Amino acid sequence: MKKSVLQNCIYALCGVGVLIAVWVIAYYRVGNELVVPSFFDCVKDVGELLVKERFWRYFLNTFKRVFFAFVISFFVASAFALLAYVVPVVRGILSPIISLMRSLPILAVTLILWLMFGREDAPIAVAFLSLFPMLYAAMLSALSGVDGDLIEMSRVYNVPLKKRIFSLYMPAAAPYVLQESGAALAFSLKLVVSAEVLVGTYRSVGYLMNDANQIPDMSLLFALVCMTALVGLILESIALGFARAVERRVK
Amino acid sequence: MKLCISKSYGEQVVFDGLELEIEEGKILCVLGESGGGKTTLLNILAGLTEYDGVIDGVPERVGYIFQEPRLLPNLTVEGNLRYVGGGADEIETLLQKTELCAVRHKKPRALSGGEKQRVAIARAFLSGAELLLLDEPFSSLDTARKIRLSAVFAALWAAEKKTAVFVTHDVEEACMLAHRIVVICEGKIALDLDMGQGELPRAYGENFAAKAQILAALLGT
């Protein structure tokens, strides 16, 4: 293992250690299980969740929404970014719309979307509203960053559009887009779970969280939050690793 | 090919009715000071820059050797040649002629400056171009590499005798590779010099009389 990789692992472990230490100290200082649950109870609850069939079924439902929201956002953002790149007028028209979407108070909008799309699909719509502007901006910026000299060279030599897309644009834009997509996928998980909690989507991670909140079982709630954060981290890491591999191959 | 063009960027006039005839199957070298519109002239011929005026006999396909090689970093030498077209046999022949066979599977970052520019030269000949445009392609190379690459270019050119417009600010380079040298000063032709038909490239450091004329035109004396 390289020294820098080992060093990064040590730093990451130290970070986790600090977090656990703060949790344990907070637990003893507060002395109320309903406010700060025991770290060890929480670990036990995570273990119990992992072997429950119900949890995995609900988790799969949530993950389907996350994935669906991401895929829709990715393809719609790709289409619009490409259009905006080719036709500057479209870019100008989309600019205020994107700014507006970015500044939407997402929790308040969730309630509107709940009425419009229902409990099952509202989390997807919520995630789309945040992911679309994020991915659109990333893709447009990646396309705008393609070397102008190479574009000019391709024009002079009349390189067919298909070849330009696959040999010039995609390799140049892919590392950045993949990196942003990883972050978007993790963000999609956060948004979907938040919306599920707010609208009370049945058979979902958000539903389990609501359940734990009403009992109330603080350690189960913490366990669910930790699991969600962990899955988000894993998704982002996989995408980042993939993006780095593509970047190495391209450059 | 005949052209009569005007071009300005805002208030700055680059060419004001510049008239120039480009002979078919010859290498025309355009010399001039930096910022004198040499690259603009090539970009006009390549269809990259708009202009006022007329160009008779604009070719459909041009091969452009830029100042910097402009190779796709994700493609190998062979991939970069395939990118602009051409069959496998044609690519093979050009790789041999430009002595790039040993590095055909390497990506641009693994090549030297001279090798990269050789790929760019091969690419221009591969594109089926009727007109070759060269924008100071050897300016970043040392003298030895410059002479070697001039020889590579001249050998490739001799096989097909394509019309070429070669832009440079290096008098020596111009004398080595041109059939005709045109000096442009302040958007107008200050000198139009026939260099004769001899075999290219001419020997480095010769043609003193021509160089003296060119320098006089460049200095306006």
# chains A, B, ... in the order shown; residues from 1 in each chain; ligands from 1

call {"tool": "interface_residues", "arguments": {"of": "chain A", "to": "chain B", "cutoff": "12 Å", "atoms": "only C-alpha atoms", "output": "mmCIF file with C-alpha atoms, in the first residue's frame"}}
result
data_model
loop_
_atom_site.group_PDB
_atom_site.id
_atom_site.type_symbol
_atom_site.label_atom_id
_atom_site.label_comp_id
_atom_site.auth_asym_id
_atom_site.auth_seq_id
_atom_site.Cartn_x
_atom_site.Cartn_y
_atom_site.Cartn_z
ATOM 1 C CA VAL A 146 -13.401 20.886 -23.684
ATOM 2 C CA ASP A 147 -10.237 22.214 -25.339
ATOM 3 C CA GLY A 148 -11.244 24.822 -27.931
ATOM 4 C CA ASP A 149 -8.132 24.099 -30.015
ATOM 5 C CA LEU A 150 -9.170 20.464 -30.393
ATOM 6 C CA ILE A 151 -12.707 21.485 -31.335
ATOM 7 C CA GLU A 152 -11.256 23.819 -33.973
ATOM 8 C CA MET A 153 -8.971 21.074 -35.274
ATOM 9 C CA SER A 154 -11.947 18.693 -35.555
ATOM 10 C CA ARG A 155 -13.867 21.350 -37.477
ATOM 11 C CA VAL A 156 -11.022 21.933 -39.918
ATOM 12 C CA TYR A 157 -10.693 18.195 -40.610
ATOM 13 C CA ASN A 158 -14.476 17.710 -40.919
ATOM 14 C CA VAL A 159 -14.474 14.966 -38.289
ATOM 15 C CA PRO A 160 -17.950 13.352 -38.169
ATOM 16 C CA LEU A 161 -20.108 14.352 -35.198
ATOM 17 C CA LYS A 162 -20.310 10.790 -33.828
ATOM 18 C CA LYS A 163 -16.522 10.533 -33.746
ATOM 19 C CA ARG A 164 -16.259 13.949 -32.084
ATOM 20 C CA ILE A 165 -18.752 12.946 -29.395
ATOM 21 C CA PHE A 166 -17.083 9.623 -28.576
ATOM 22 C CA SER A 167 -13.422 10.576 -29.025
ATOM 23 C CA LEU A 168 -13.341 14.225 -28.016
ATOM 24 C CA TYR A 169 -16.306 15.379 -25.927
ATOM 25 C CA MET A 170 -17.056 12.278 -23.868
ATOM 26 C CA PRO A 171 -13.482 11.493 -22.764
ATOM 27 C CA ALA A 172 -12.869 15.150 -21.918
ATOM 28 C CA ALA A 173 -16.099 15.623 -19.963
ATOM 29 C CA ALA A 174 -16.440 12.159 -18.407
ATOM 30 C CA VAL A 246 -11.672 7.099 -16.172
ATOM 31 C CA GLU A 247 -9.521 10.211 -15.728
ATOM 32 C CA ARG A 248 -6.348 8.092 -15.537
ATOM 33 C CA ARG A 249 -7.372 6.257 -18.690
ATOM 34 C CA VAL A 250 -8.242 9.460 -20.542
ATOM 35 C CA LYS A 251 -5.145 11.394 -19.560
#

call {"tool": "residues_around", "arguments": {"residues": "B:Glu24", "least_positions_apart": "3", "cutoff": "8 Å", "atoms": "only C-alpha atoms", "output": "list of chain:residue names"}}
result
B:Met1, B:Lys162, B:Thr163

call {"tool": "closest_residue", "arguments": {"among": "B:Val165, B:Ala174, B:Ala122, B:Ala190", "to": "B:Ser139", "atoms": "only C-alpha atoms"}}
result
B:Ala174

call {"tool": "residues_around", "arguments": {"residues": "B:Leu215", "least_positions_apart": "4", "cutoff": "12 Å", "atoms": "only C-alpha atoms", "output": "PyMOL selection string"}}
result
chain B and resi 31-33+169-172+174-175+181-185+190-191+208-211+219-221

call {"tool": "write_last_selection", "arguments": {"atoms": "N, CA and C atoms", "output": "short mmCIF file (atom, residue, chain, number, x, y, z; two decimals), in the first residue's frame"}}
result
data_model
loop_
_atom_site.label_atom_id
_atom_site.label_comp_id
_atom_site.auth_asym_id
_atom_site.auth_seq_id
_atom_site.Cartn_x
_atom_site.Cartn_y
_atom_site.Cartn_z
N LEU B 31 5.59 35.44 -44.92
CA LEU B 31 6.41 35.94 -43.82
C LEU B 31 5.85 37.28 -43.34
N GLY B 32 6.06 37.56 -42.09
CA GLY B 32 5.59 38.85 -41.59
C GLY B 32 5.85 38.95 -40.11
N GLU B 33 5.69 40.16 -39.60
CA GLU B 33 5.95 40.35 -38.18
C GLU B 33 4.83 39.72 -37.36
N HIS B 169 7.65 33.22 -39.15
CA HIS B 169 8.39 34.49 -39.01
C HIS B 169 9.88 34.21 -39.10
N ASP B 170 10.20 32.92 -39.39
CA ASP B 170 11.60 32.50 -39.48
C ASP B 170 12.05 32.51 -40.94
N VAL B 171 12.94 33.43 -41.28
CA VAL B 171 13.40 33.60 -42.66
C VAL B 171 14.08 32.33 -43.16
N GLU B 172 14.85 31.71 -42.26
CA GLU B 172 15.59 30.48 -42.62
C GLU B 172 14.63 29.37 -43.05
N ALA B 174 11.60 29.69 -44.13
CA ALA B 174 10.95 30.08 -45.38
C ALA B 174 11.84 29.75 -46.58
N CYS B 175 13.13 30.06 -46.44
CA CYS B 175 14.05 29.80 -47.56
C CYS B 175 14.25 28.31 -47.80
N ILE B 181 8.02 33.27 -51.79
CA ILE B 181 7.90 33.90 -50.47
C ILE B 181 7.21 35.26 -50.62
N VAL B 182 6.22 35.44 -49.76
CA VAL B 182 5.50 36.72 -49.76
C VAL B 182 5.70 37.34 -48.38
N VAL B 183 6.14 38.58 -48.36
CA VAL B 183 6.30 39.28 -47.08
C VAL B 183 5.12 40.24 -46.93
N ILE B 184 4.39 40.10 -45.81
CA ILE B 184 3.24 40.98 -45.57
C ILE B 184 3.60 41.96 -44.46
N CYS B 185 3.48 43.23 -44.77
CA CYS B 185 3.71 44.27 -43.76
C CYS B 185 2.50 45.19 -43.74
N ALA B 190 4.65 43.35 -49.16
CA ALA B 190 5.83 44.20 -49.27
C ALA B 190 6.87 43.57 -50.19
N LEU B 191 6.79 42.26 -50.35
CA LEU B 191 7.74 41.58 -51.23
C LEU B 191 7.11 40.29 -51.75
N PHE B 208 21.67 33.56 -49.40
CA PHE B 208 21.94 34.84 -48.73
C PHE B 208 21.24 36.02 -49.41
N ALA B 209 21.22 35.99 -50.74
CA ALA B 209 20.62 37.11 -51.49
C ALA B 209 19.12 37.22 -51.16
N ALA B 210 18.46 36.06 -51.16
CA ALA B 210 17.02 36.06 -50.87
C ALA B 210 16.78 36.56 -49.45
N LYS B 211 17.60 36.07 -48.52
CA LYS B 211 17.42 36.48 -47.11
C LYS B 211 17.59 38.00 -46.95
N LEU B 219 12.07 44.92 -42.63
CA LEU B 219 12.48 46.13 -41.89
C LEU B 219 11.98 47.41 -42.56
N GLY B 220 11.48 47.24 -43.79
CA GLY B 220 10.93 48.40 -44.52
C GLY B 220 12.03 49.33 -44.98
N THR B 221 13.19 48.76 -45.29
CA THR B 221 14.30 49.63 -45.73
C THR B 221 14.51 49.52 -47.25
#

call {"tool": "select_by_dssp", "arguments": {"residues": "stretch 1-217 of chain B", "states": "strand (DSSP E)", "output": "PyMOL selection string"}}
result
chain B and resi 2-9+12-21+27-32+52-56+62-65+131-135+163-168+180-185+188-194

call {"tool": "atom_distance", "arguments": {"atom1": "atom CA of A:Asp121", "atom2": "atom CA of A:Gly200"}}
result
11.4 Å

call {"tool": "atom_distance", "arguments": {"atom1": "atom CA of B:Lys146", "atom2": "atom CA of B:Tyr204"}}
result
10.1 Å

call {"tool": "select_by_dssp", "arguments": {"residues": "stretch 6-99 of chain B", "states": "alpha helix (DSSP H)", "output": "PyMOL selection string"}}
result
chain B and resi 38-46+77-83+88-97

call {"tool": "atom_distance", "arguments": {"atom1": "atom CA of A:Leu143", "atom2": "atom CA of A:Gly241"}}
result
21.3 Å

call {"tool": "residues_around", "arguments": {"residues": "A:Ala239", "least_positions_apart": "4", "cutoff": "8 Å", "atoms": "only C-alpha atoms", "output": "VMD selection string"}}
result
chain A and resid 178 to 179 181 to 183 235 243

call {"tool": "residues_around", "arguments": {"residues": "A:Leu50", "least_positions_apart": "6", "cutoff": "12 Å", "atoms": "only C-alpha atoms", "output": "ChimeraX atom specification"}}
result
/A:43-44,56-59,223-224,227

call {"tool": "closest_residue", "arguments": {"among": "A:Phe222, A:Tyr11, A:Tyr207, A:Phe187", "to": "A:Phe39", "atoms": "only C-alpha atoms"}}
result
A:Phe222

call {"tool": "closest_residue", "arguments": {"among": "B:Phe125, B:Leu132, B:Arg202, B:Val103", "to": "B:Glu90", "atoms": "only C-alpha atoms"}}
result
B:Phe125
